[in-house]
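Some notes on the structure that comes next.
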Amino acid sequence: MRSAFLSLCVAALAALTGCARSRITTEIKAGGTWVRTDTFIGQEKKAGQDQPQMTPTVDDVFVIPSGAEWKSNTVKTEKDSTIVLERSLRAGDSLKGDLSIKAAEDKLQLVNEVSVRNAGRRRFEYRETLSWKAPRGDMGEIKPEELATIKAALPKPLATDANAHALAERATALMVPLIFGPGDPLLALGLMHPDLAELRARQRIGKLMMTALEEQFGDKMSVDQRKAIVRKVIADSFASARPAQPDPSAGPPDKNSTGGLTPLMFTLKTPGRVISSNGELDDFTGDVYWALFPEAASLKDVTLTAVVEMPE
């Protein structure tokens, strides 16, 4: 288990600081035309304020789409600002960058590309890919003490550097969607109930670790041995990964950083029937949705897909 990702999980569960968020809705009509609605919610930049704001604004986090194709509406309250943009497209059209998340120094962290294409008689495929533009993490970079923890947990005949690195990489690939989505990201639960989120994290990480150990070692390791390793690694990792309380005197975030984590929600609406999808289906509305954070794409691109069949 790569401790860096456990550290990130525990720290984020305790202090989810993201403020700005986005809801992206794609509605496929009967003939395959589709409507894209992008909603960006967050604090508005205060005019005439000399000091940086403590939390990032909508403009700090997102590149807001512009152009004559978009209908735009902004609603402001005392707490935040909501920007809603809508655009109509035809079957076969694609759209790139209507969700673009900023990184430091005016660079981009994440960019999307979405299309709705004909997939057969009365069928249409929605496909959206989220591409990470910031530097990707090095999965093989493990601190010596982390490597020692993993090796100490493995049975002696299997306790090699190669096995420890391979296990760390395998577990990390399984853990990223667990923490950041798509699906039911633990970070979202951490915002409302950190203690319950930590319990869920231990349970889910344990199951993923059991899967990673079985895939890597097969019958070279018994079920009891796998359980013992999982208990030890989780206990050691959570003990060493607990974050310090934030320092209120630290001041506002770096001006070149968007700061925090950014919740994203993608929803597909259709009058038709969902044939297949890697999202979650709402049985009552027929909508498909994907909840995630941008970091879900930090190891590899994330693709959201669904095939719908329109009624006769």
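Following the order of the structure tokens, first chain is A, next is B, and so on, with residues numbered from 1 inside each chain and ligands from 1 in the order they appear.
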
- [ ] Would you please extract all helix (DSSP H, G or I) residues from region 113-312 of chain A, as assigned by DSSP on the backbone, and give them as a ChimeraX atom specification?
- [x] /A:144-153,156-158,161-180,186-192,194-220,223-241,248-250,294-297

TODO: Mind listing the strand (DSSP E) residues of region 126-169 of chain A, per DSSP on the backbone, as an NGL selection string?
DONE: :A and (126-132)

Grab the residues selected above and save them as a PDB file, in the first residue's frame with C-alpha atoms.
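Dumped to selection30.pdb:
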```
ATOM      1  CA  TYR A 126     -22.441   9.311 -24.596  1.00  0.00           C
ATOM      2  CA  ARG A 127     -18.684   9.370 -23.963  1.00  0.00           C
ATOM      3  CA  GLU A 128     -16.793  11.876 -21.840  1.00  0.00           C
ATOM      4  CA  THR A 129     -13.066  11.708 -21.113  1.00  0.00           C
ATOM      5  CA  LEU A 130     -11.362  13.653 -18.327  1.00  0.00           C
ATOM      6  CA  SER A 131      -7.672  14.202 -19.066  1.00  0.00           C
ATOM      7  CA  TRP A 132      -5.133  15.220 -16.438  1.00  0.00           C
TER       8      TRP A 132
END
```

Open item on the list: I'd like to know which of A:Thr25, A:Thr285, A:Gln109, A:Ser115 is closest to Ala134 (chain A), using only C-alpha atoms.
Closed with: A:Gln109

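Here CA of Glu295 (chain A) is placed at a distance of 6.2 Å from CA of Phe180 (chain A).
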
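If you look at CA of Val61 (chain A) and CA of Thr267 (chain A), they are 20.5 Å away from each other.
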
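Across A:Leu191, A:Leu292, A:Ala212, A:Leu154, the tightest approach to Ala228 (chain A) is made by A:Leu154 when counting only C-alpha atoms.
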
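Counting only C-alpha atoms and comparing A:Val63, A:Val84, A:Ala153, A:Leu189, the residue that lies closest to Leu108 (chain A) is A:Val63.
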
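Distances here use only C-alpha atoms; by that measure, the residue among A:Arg170, A:Ala197, A:Asp282, A:Leu187 closest to Met210 (chain A) is A:Arg170.
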
- [ ] Determine the nearest neighbour of Leu186 (chain A) from the options A:Phe293, A:Lys227, A:Arg136, A:Leu110, counting only C-alpha atoms.
- [x] A:Phe293
